[in-house]
Amino acid sequence: VYSDRGAGVRAPEVFYNRSNEAAARLQPGDYDWESIFSTGVRWLHSGGIFAALSSTTSQVIIEAMQAAKSAGAIVSFDLNYRHKLWQIAGGADSAHSTLRSIVRNVDVLVGNEEDIQAGLGIVGPESAHDDSKIDPSAFLQMIDCVTTEFPNISVVATTLRKVHSANCHDWSAVAWINGKTVAAPICELDVYDRVGGGDGFAAGFFYGLLN
């Protein structure tokens with residue numbers, strides 16, 4: 001959605017129309033997690049947008065994660081911090097306490113340095129960004145801060161992108177896996193629709209870890 005800002009300038013604005021959706025009404029106890037995980041589920045994934053939908057969705061996430069852990073499944077979470085959603089859900093303090101309680105149950109965390117700082121309230125070292133290239137340094141400097149506060153986490157990963165235009169991006173990814181840093185090559189992508197790009201990365205990354 002675009003709105004006018006200044007003479008002839010049209011800037012993108014995001015609106016979230018998620019009030020009273022079915023997922024926001026979920027409560028702890030709505031699912032028989034023991035039965036679900038008895039079928040051999042190997043991985044459980046959730047994210048910050050679902051956590052922000054209502055006062056109960058984070059409880060559902062934690063309930064599912066604890067059941068997954070008991071069944072021996074790997075648990076992952078994408079911070080996916082959205083400021084506008086958390087404004088409605090109680091603001092930064094609510095986001096920090098909610099997301100921290102979730103992340104204490106997580107093995108694999110997805111999120112860039114901005115997500116980590118805004119979502120978890122972790123203050124990391126400042127680093128200079130070089131706009132001429134994809135630079136993972138700010139993300140990598142956050143890792144010690146994350147793993148010190150959450151020693152349960154064994155993997156942290158994020159995508160890296162440089163946007164040349166709406167339809168032309170440079171993409172890469174970086175991950176910290178049990179103390180080792182790995183980086184993907186940089187790809188020049190023609191973008192048809194960027195929505196869900198991070199989810200696509202997460203799906204491929206988890207598949208790689210499982211295999």
# chains A, B, ... in the order shown; residues from 1 in each chain; ligands from 1
>>> residues_around(residues="stretch 170-183 of chain A", least_positions_apart="4", cutoff="8 Å", atoms="only C-alpha atoms", output="list in words")
Ile134, Pro136, Leu140, Ile143, Ser154, Val155, Val156, Ala157, Thr158, Thr159, Leu160, Arg161, Lys162, Val163, His164, Cys187, Glu188 and Leu189 of chain A
>>> select_by_dssp(residues="stretch 7-211 of chain A", states="helix (DSSP H, G or I)", output="ChimeraX atom specification")
/A:22-25,33-37,48-51,57-70,83-88,91-103,113-120,137-149,197-210
>>> atom_distance(atom1="atom CA of A:Val60", atom2="atom CA of A:Gln27")
6.1 Å
>>> residues_around(residues="A:Leu79", least_positions_apart="3", cutoff="9 Å", atoms="only C-alpha atoms", output="list in words")
Ser46, Gly47, Gly48, Ile49, Arg82, Leu99, Val103, Leu109, Val110, Gly111, Asn112, Asp115, Ile116, Gly119 and Leu120 of chain A
>>> select_by_dssp(residues="chain A", states="strand (DSSP E)", output="PyMOL selection string")
chain A and resi 2-4+10-12+43-47+74-78+108-110+155-165+168-177+180-183+187-190
>>> write_last_selection(atoms="N, CA and C atoms", output="short mmCIF file (atom, residue, chain, number, x, y, z; two decimals), in the first residue's frame")
data_model
loop_
_atom_site.label_atom_id
_atom_site.label_comp_id
_atom_site.auth_asym_id
_atom_site.auth_seq_id
_atom_site.Cartn_x
_atom_site.Cartn_y
_atom_site.Cartn_z
N TYR A 2 0.56 2.20 -0.84
CA TYR A 2 1.38 3.40 -0.93
C TYR A 2 0.60 4.62 -0.47
N SER A 3 1.29 5.55 0.18
CA SER A 3 0.66 6.79 0.62
C SER A 3 1.52 7.97 0.20
N ASP A 4 0.89 9.12 0.02
CA ASP A 4 1.63 10.31 -0.40
C ASP A 4 2.40 10.89 0.77
N ARG A 10 5.78 8.87 -3.12
CA ARG A 10 4.89 7.82 -2.63
C ARG A 10 5.74 6.78 -1.92
N ALA A 11 5.53 6.65 -0.61
CA ALA A 11 6.33 5.74 0.21
C ALA A 11 5.48 4.54 0.62
N PRO A 12 6.06 3.33 0.69
CA PRO A 12 5.29 2.15 1.08
C PRO A 12 4.89 2.17 2.54
N TRP A 43 10.67 -32.08 13.74
CA TRP A 43 11.01 -30.66 13.83
C TRP A 43 9.74 -29.86 14.07
N LEU A 44 9.80 -28.88 14.97
CA LEU A 44 8.70 -27.94 15.20
C LEU A 44 9.22 -26.53 14.98
N HIS A 45 8.48 -25.74 14.19
CA HIS A 45 8.89 -24.37 13.90
C HIS A 45 7.73 -23.41 14.14
N SER A 46 8.04 -22.25 14.70
CA SER A 46 7.04 -21.19 14.85
C SER A 46 7.74 -19.85 14.68
N GLY A 47 6.98 -18.75 14.89
CA GLY A 47 7.58 -17.45 14.64
C GLY A 47 6.95 -16.31 15.40
N ILE A 74 13.50 -31.37 17.21
CA ILE A 74 14.23 -30.11 17.20
C ILE A 74 13.22 -28.96 17.17
N VAL A 75 13.52 -27.88 17.87
CA VAL A 75 12.61 -26.73 17.96
C VAL A 75 13.30 -25.49 17.38
N SER A 76 12.62 -24.81 16.46
CA SER A 76 13.16 -23.59 15.88
C SER A 76 12.14 -22.46 15.96
N PHE A 77 12.66 -21.23 15.87
CA PHE A 77 11.81 -20.05 15.98
C PHE A 77 12.40 -18.93 15.15
N ASP A 78 11.55 -18.26 14.37
CA ASP A 78 11.95 -17.10 13.59
C ASP A 78 11.44 -15.86 14.31
N VAL A 108 17.15 -23.78 17.48
CA VAL A 108 17.58 -23.08 16.27
C VAL A 108 16.83 -21.75 16.18
N LEU A 109 17.57 -20.64 16.16
CA LEU A 109 16.97 -19.31 16.11
C LEU A 109 17.27 -18.65 14.77
N VAL A 110 16.24 -18.07 14.16
CA VAL A 110 16.39 -17.33 12.91
C VAL A 110 16.07 -15.87 13.17
N VAL A 155 22.10 -23.10 17.16
CA VAL A 155 22.20 -22.57 15.79
C VAL A 155 21.49 -21.22 15.73
N VAL A 156 22.16 -20.23 15.11
CA VAL A 156 21.54 -18.94 14.82
C VAL A 156 21.83 -18.62 13.36
N ALA A 157 20.79 -18.21 12.61
CA ALA A 157 20.98 -17.98 11.18
C ALA A 157 20.15 -16.80 10.70
N THR A 158 20.58 -16.20 9.60
CA THR A 158 19.82 -15.11 8.99
C THR A 158 20.15 -15.00 7.51
N THR A 159 19.23 -14.40 6.78
CA THR A 159 19.52 -14.03 5.40
C THR A 159 20.23 -12.69 5.39
N LEU A 160 20.96 -12.43 4.32
CA LEU A 160 21.60 -11.14 4.08
C LEU A 160 21.15 -10.68 2.71
N ARG A 161 20.78 -9.40 2.61
CA ARG A 161 20.36 -8.93 1.30
C ARG A 161 20.76 -7.48 1.08
N LYS A 162 21.06 -7.19 -0.15
CA LYS A 162 21.28 -5.80 -0.59
C LYS A 162 20.28 -5.54 -1.69
N VAL A 163 19.44 -4.54 -1.49
CA VAL A 163 18.37 -4.23 -2.44
C VAL A 163 18.84 -3.16 -3.40
N HIS A 164 18.98 -3.55 -4.66
CA HIS A 164 19.33 -2.58 -5.71
C HIS A 164 18.07 -1.88 -6.22
N SER A 165 17.00 -2.66 -6.33
CA SER A 165 15.70 -2.13 -6.74
C SER A 165 14.65 -3.14 -6.29
N CYS A 168 15.53 -6.37 -8.10
CA CYS A 168 16.92 -6.83 -8.20
C CYS A 168 17.56 -6.79 -6.82
N HIS A 169 17.85 -7.97 -6.28
CA HIS A 169 18.47 -8.07 -4.97
C HIS A 169 19.72 -8.95 -5.04
N ASP A 170 20.69 -8.62 -4.20
CA ASP A 170 21.77 -9.56 -3.90
C ASP A 170 21.35 -10.29 -2.63
N TRP A 171 21.50 -11.62 -2.62
CA TRP A 171 21.07 -12.42 -1.47
C TRP A 171 22.20 -13.33 -1.03
N SER A 172 22.27 -13.53 0.28
CA SER A 172 23.16 -14.53 0.85
C SER A 172 22.58 -14.94 2.20
N ALA A 173 23.34 -15.71 2.95
CA ALA A 173 22.90 -16.12 4.28
C ALA A 173 24.13 -16.47 5.10
N VAL A 174 23.99 -16.37 6.42
CA VAL A 174 25.08 -16.73 7.31
C VAL A 174 24.49 -17.46 8.51
N ALA A 175 25.25 -18.40 9.05
CA ALA A 175 24.77 -19.17 10.21
C ALA A 175 25.92 -19.44 11.17
N TRP A 176 25.57 -19.46 12.44
CA TRP A 176 26.47 -19.89 13.51
C TRP A 176 25.94 -21.23 13.99
N ILE A 177 26.75 -22.28 13.85
CA ILE A 177 26.31 -23.64 14.18
C ILE A 177 27.30 -24.26 15.15
N LYS A 180 30.66 -22.70 15.04
CA LYS A 180 31.28 -22.54 13.72
C LYS A 180 30.43 -21.63 12.85
N THR A 181 31.07 -20.70 12.16
CA THR A 181 30.36 -19.78 11.26
C THR A 181 30.45 -20.28 9.83
N VAL A 182 29.32 -20.32 9.15
CA VAL A 182 29.29 -20.70 7.74
C VAL A 182 28.52 -19.64 6.97
N ALA A 183 28.94 -19.39 5.73
CA ALA A 183 28.30 -18.36 4.91
C ALA A 183 27.99 -18.92 3.53
N CYS A 187 24.19 -14.42 -4.23
CA CYS A 187 23.46 -14.65 -5.47
C CYS A 187 22.80 -13.36 -5.94
N GLU A 188 22.82 -13.10 -7.23
CA GLU A 188 22.10 -11.96 -7.80
C GLU A 188 20.74 -12.49 -8.26
N LEU A 189 19.67 -11.99 -7.64
CA LEU A 189 18.34 -12.53 -7.90
C LEU A 189 17.44 -11.52 -8.61
N ASP A 190 16.69 -12.02 -9.58
CA ASP A 190 15.58 -11.26 -10.15
C ASP A 190 14.35 -11.59 -9.31
#
>>> closest_atom_pairs(of="stretch 51-77 of chain A", to="stretch 35-41 of chain A", cutoff="10 Å", atoms="only C-alpha atoms", output="JSON lines")
{"residue": "A:Ala64", "atom": "CA", "partner": "A:Phe37", "partner_atom": "CA", "distance": 9.4}
{"residue": "A:Ala67", "atom": "CA", "partner": "A:Phe37", "partner_atom": "CA", "distance": 7.4}
{"residue": "A:Ala68", "atom": "CA", "partner": "A:Phe37", "partner_atom": "CA", "distance": 6.5}
{"residue": "A:Lys69", "atom": "CA", "partner": "A:Phe37", "partner_atom": "CA", "distance": 9.6}
{"residue": "A:Ser70", "atom": "CA", "partner": "A:Phe37", "partner_atom": "CA", "distance": 9.0}
{"residue": "A:Ala71", "atom": "CA", "partner": "A:Phe37", "partner_atom": "CA", "distance": 6.2}
{"residue": "A:Gly72", "atom": "CA", "partner": "A:Val41", "partner_atom": "CA", "distance": 8.7}
{"residue": "A:Ala73", "atom": "CA", "partner": "A:Val41", "partner_atom": "CA", "distance": 6.5}
{"residue": "A:Ile74", "atom": "CA", "partner": "A:Val41", "partner_atom": "CA", "distance": 9.1}
>>> residues_around(residues="A:Ser19", least_positions_apart="5", cutoff="12 Å", atoms="only C-alpha atoms", output="list in words")
Ala24, Arg25, Ala52, Leu53, Ser54, Leu85, Ile88 and Ala89 of chain A
>>> write_last_selection(atoms="all heavy atoms", output="mmCIF file, in the first residue's frame")
data_model
loop_
_atom_site.group_PDB
_atom_site.id
_atom_site.type_symbol
_atom_site.label_atom_id
_atom_site.label_comp_id
_atom_site.auth_asym_id
_atom_site.auth_seq_id
_atom_site.Cartn_x
_atom_site.Cartn_y
_atom_site.Cartn_z
ATOM 1 N N ALA A 24 -5.484 -16.362 16.192
ATOM 2 C CA ALA A 24 -5.322 -15.547 17.400
ATOM 3 C C ALA A 24 -6.179 -16.055 18.554
ATOM 4 O O ALA A 24 -5.944 -15.712 19.709
ATOM 5 C CB ALA A 24 -5.688 -14.091 17.098
ATOM 6 N N ARG A 25 -7.170 -16.883 18.241
ATOM 7 C CA ARG A 25 -8.081 -17.389 19.271
ATOM 8 C C ARG A 25 -7.628 -18.715 19.872
ATOM 9 O O ARG A 25 -8.296 -19.259 20.753
ATOM 10 C CB ARG A 25 -9.480 -17.538 18.680
ATOM 11 C CG ARG A 25 -10.085 -16.199 18.263
ATOM 12 C CD ARG A 25 -11.379 -16.379 17.464
ATOM 13 N NE ARG A 25 -11.943 -15.093 17.105
ATOM 14 C CZ ARG A 25 -12.945 -14.506 17.753
ATOM 15 N NH1 ARG A 25 -13.474 -15.085 18.816
ATOM 16 N NH2 ARG A 25 -13.429 -13.341 17.359
ATOM 17 N N ALA A 52 2.714 -12.653 18.364
ATOM 18 C CA ALA A 52 2.187 -11.315 18.635
ATOM 19 C C ALA A 52 0.683 -11.193 18.421
ATOM 20 O O ALA A 52 0.109 -10.139 18.710
ATOM 21 C CB ALA A 52 2.909 -10.291 17.752
ATOM 22 N N LEU A 53 0.026 -12.235 17.940
ATOM 23 C CA LEU A 53 -1.378 -12.109 17.541
ATOM 24 C C LEU A 53 -2.335 -11.928 18.710
ATOM 25 O O LEU A 53 -3.370 -11.270 18.568
ATOM 26 C CB LEU A 53 -1.809 -13.322 16.718
ATOM 27 C CG LEU A 53 -1.176 -13.463 15.334
ATOM 28 C CD1 LEU A 53 -1.780 -14.638 14.602
ATOM 29 C CD2 LEU A 53 -1.337 -12.184 14.518
ATOM 30 N N SER A 54 -2.027 -12.531 19.857
ATOM 31 C CA SER A 54 -2.926 -12.405 21.011
ATOM 32 C C SER A 54 -2.160 -12.756 22.279
ATOM 33 O O SER A 54 -0.997 -13.163 22.231
ATOM 34 C CB SER A 54 -4.140 -13.328 20.865
ATOM 35 O OG SER A 54 -3.772 -14.686 21.056
ATOM 36 N N LEU A 85 2.850 -4.797 14.923
ATOM 37 C CA LEU A 85 2.095 -5.838 15.614
ATOM 38 C C LEU A 85 2.341 -5.782 17.114
ATOM 39 O O LEU A 85 1.412 -5.925 17.910
ATOM 40 C CB LEU A 85 2.469 -7.219 15.074
ATOM 41 C CG LEU A 85 1.869 -7.628 13.734
ATOM 42 C CD1 LEU A 85 2.352 -9.019 13.353
ATOM 43 C CD2 LEU A 85 0.351 -7.592 13.775
ATOM 44 N N ILE A 88 0.471 -3.120 19.145
ATOM 45 C CA ILE A 88 -0.886 -3.516 19.519
ATOM 46 C C ILE A 88 -0.843 -4.532 20.662
ATOM 47 O O ILE A 88 -1.729 -4.565 21.520
ATOM 48 C CB ILE A 88 -1.617 -4.111 18.300
ATOM 49 C CG1 ILE A 88 -1.728 -3.053 17.195
ATOM 50 C CG2 ILE A 88 -2.998 -4.620 18.679
ATOM 51 C CD1 ILE A 88 -2.175 -3.613 15.863
ATOM 52 N N ALA A 89 0.204 -5.356 20.694
ATOM 53 C CA ALA A 89 0.301 -6.447 21.669
ATOM 54 C C ALA A 89 1.033 -6.048 22.953
ATOM 55 O O ALA A 89 1.475 -6.909 23.697
ATOM 56 C CB ALA A 89 0.998 -7.647 21.035
#
>>> residues_around(residues="A:Thr148", least_positions_apart="4", cutoff="12 Å", atoms="only C-alpha atoms", output="mmCIF file with C-alpha atoms, in the first residue's frame")
data_model
loop_
_atom_site.group_PDB
_atom_site.id
_atom_site.type_symbol
_atom_site.label_atom_id
_atom_site.label_comp_id
_atom_site.auth_asym_id
_atom_site.auth_seq_id
_atom_site.Cartn_x
_atom_site.Cartn_y
_atom_site.Cartn_z
ATOM 1 C CA ARG A 104 14.378 -20.328 26.200
ATOM 2 C CA ILE A 122 19.713 -7.633 23.641
ATOM 3 C CA GLY A 124 24.968 -5.809 20.863
ATOM 4 C CA MET A 142 25.499 -10.441 18.176
ATOM 5 C CA ILE A 143 26.077 -14.180 18.483
ATOM 6 C CA ASP A 144 28.029 -14.113 21.744
ATOM 7 C CA ASN A 152 20.144 -23.619 24.932
ATOM 8 C CA ILE A 153 20.563 -22.270 21.388
ATOM 9 C CA SER A 154 22.941 -24.244 19.166
#
>>> closest_residue(among="A:Gly208, A:Pro151, A:Gly29, A:Gly198", to="A:Val106", atoms="only C-alpha atoms")
A:Pro151
>>> decode(residues="stretch 184-200 of chain A", atoms="all heavy atoms", output="short mmCIF file (atom, residue, chain, number, x, y, z; two decimals), in the first residue's frame")
data_model
loop_
_atom_site.label_atom_id
_atom_site.label_comp_id
_atom_site.auth_asym_id
_atom_site.auth_seq_id
_atom_site.Cartn_x
_atom_site.Cartn_y
_atom_site.Cartn_z
N ALA A 184 26.87 -18.51 3.00
CA ALA A 184 26.47 -18.92 1.65
C ALA A 184 27.10 -17.98 0.62
O ALA A 184 27.46 -16.84 0.94
CB ALA A 184 24.95 -18.86 1.52
N PRO A 185 27.23 -18.42 -0.62
CA PRO A 185 27.69 -17.50 -1.66
C PRO A 185 26.64 -16.41 -1.91
O PRO A 185 25.47 -16.58 -1.56
CB PRO A 185 27.84 -18.41 -2.89
CG PRO A 185 26.97 -19.58 -2.62
CD PRO A 185 26.98 -19.77 -1.13
N ILE A 186 27.07 -15.31 -2.48
CA ILE A 186 26.15 -14.22 -2.81
C ILE A 186 25.54 -14.49 -4.18
O ILE A 186 26.24 -14.78 -5.15
CB ILE A 186 26.88 -12.87 -2.81
CG1 ILE A 186 27.41 -12.56 -1.42
CG2 ILE A 186 25.94 -11.75 -3.29
CD1 ILE A 186 28.30 -11.33 -1.36
N CYS A 187 24.19 -14.42 -4.23
CA CYS A 187 23.46 -14.65 -5.47
C CYS A 187 22.80 -13.36 -5.94
O CYS A 187 22.25 -12.62 -5.12
CB CYS A 187 22.38 -15.72 -5.28
SG CYS A 187 22.99 -17.31 -4.72
N GLU A 188 22.82 -13.10 -7.23
CA GLU A 188 22.10 -11.96 -7.80
C GLU A 188 20.74 -12.49 -8.26
O GLU A 188 20.66 -13.35 -9.14
CB GLU A 188 22.87 -11.37 -8.97
CG GLU A 188 24.21 -10.77 -8.57
CD GLU A 188 24.96 -10.18 -9.74
OE1 GLU A 188 24.40 -10.19 -10.87
OE2 GLU A 188 26.09 -9.71 -9.54
N LEU A 189 19.67 -11.99 -7.64
CA LEU A 189 18.34 -12.53 -7.90
C LEU A 189 17.44 -11.52 -8.61
O LEU A 189 17.42 -10.34 -8.27
CB LEU A 189 17.67 -12.92 -6.58
CG LEU A 189 18.36 -13.97 -5.70
CD1 LEU A 189 17.49 -14.25 -4.49
CD2 LEU A 189 18.62 -15.23 -6.49
N ASP A 190 16.69 -12.02 -9.58
CA ASP A 190 15.58 -11.26 -10.15
C ASP A 190 14.35 -11.59 -9.31
O ASP A 190 13.93 -12.74 -9.22
CB ASP A 190 15.33 -11.66 -11.61
CG ASP A 190 16.50 -11.29 -12.51
OD1 ASP A 190 17.09 -10.21 -12.27
OD2 ASP A 190 16.83 -12.06 -13.43
N VAL A 191 13.79 -10.58 -8.67
CA VAL A 191 12.72 -10.79 -7.70
C VAL A 191 11.36 -10.52 -8.34
O VAL A 191 11.11 -9.44 -8.87
CB VAL A 191 12.90 -9.86 -6.48
CG1 VAL A 191 11.77 -10.04 -5.49
CG2 VAL A 191 14.25 -10.11 -5.82
N TYR A 192 10.48 -11.52 -8.29
CA TYR A 192 9.10 -11.36 -8.74
C TYR A 192 8.19 -10.95 -7.59
O TYR A 192 7.26 -10.18 -7.76
CB TYR A 192 8.60 -12.66 -9.39
CG TYR A 192 9.31 -12.98 -10.68
CD1 TYR A 192 10.41 -13.83 -10.68
CD2 TYR A 192 8.91 -12.40 -11.88
CE1 TYR A 192 11.09 -14.11 -11.85
CE2 TYR A 192 9.59 -12.68 -13.06
CZ TYR A 192 10.67 -13.53 -13.04
OH TYR A 192 11.36 -13.78 -14.19
N ASP A 193 8.45 -11.51 -6.41
CA ASP A 193 7.67 -11.18 -5.21
C ASP A 193 8.52 -11.54 -4.01
O ASP A 193 8.86 -12.70 -3.81
CB ASP A 193 6.36 -11.96 -5.20
CG ASP A 193 5.44 -11.56 -4.05
OD1 ASP A 193 5.91 -10.86 -3.13
OD2 ASP A 193 4.27 -11.95 -4.07
N ARG A 194 8.87 -10.55 -3.18
CA ARG A 194 9.79 -10.81 -2.08
C ARG A 194 9.09 -11.36 -0.84
O ARG A 194 9.75 -11.79 0.10
CB ARG A 194 10.56 -9.55 -1.71
CG ARG A 194 9.72 -8.41 -1.17
CD ARG A 194 10.60 -7.24 -0.74
NE ARG A 194 11.30 -7.51 0.50
CZ ARG A 194 12.32 -6.78 0.97
NH1 ARG A 194 12.74 -5.74 0.28
NH2 ARG A 194 12.88 -7.07 2.11
N VAL A 195 7.76 -11.36 -0.84
CA VAL A 195 7.02 -11.84 0.33
C VAL A 195 7.32 -13.33 0.55
O VAL A 195 7.17 -14.14 -0.38
CB VAL A 195 5.50 -11.63 0.16
CG1 VAL A 195 4.74 -12.25 1.33
CG2 VAL A 195 5.20 -10.14 0.07
N GLY A 196 7.72 -13.69 1.75
CA GLY A 196 8.00 -15.09 2.07
C GLY A 196 9.42 -15.53 1.77
O GLY A 196 9.74 -16.71 1.93
N GLY A 197 10.27 -14.60 1.35
CA GLY A 197 11.65 -14.98 1.05
C GLY A 197 12.38 -15.54 2.26
O GLY A 197 13.12 -16.52 2.16
N GLY A 198 12.17 -14.91 3.41
CA GLY A 198 12.80 -15.41 4.63
C GLY A 198 12.28 -16.78 5.03
O GLY A 198 13.05 -17.63 5.51
N ASP A 199 10.98 -17.02 4.83
CA ASP A 199 10.40 -18.33 5.14
C ASP A 199 10.97 -19.39 4.21
O ASP A 199 11.22 -20.53 4.62
CB ASP A 199 8.88 -18.28 5.00
CG ASP A 199 8.23 -17.38 6.04
OD1 ASP A 199 8.77 -17.28 7.16
OD2 ASP A 199 7.20 -16.77 5.72
N GLY A 200 11.17 -19.02 2.94
CA GLY A 200 11.76 -19.96 1.99
C GLY A 200 13.18 -20.34 2.39
O GLY A 200 13.58 -21.50 2.31
#
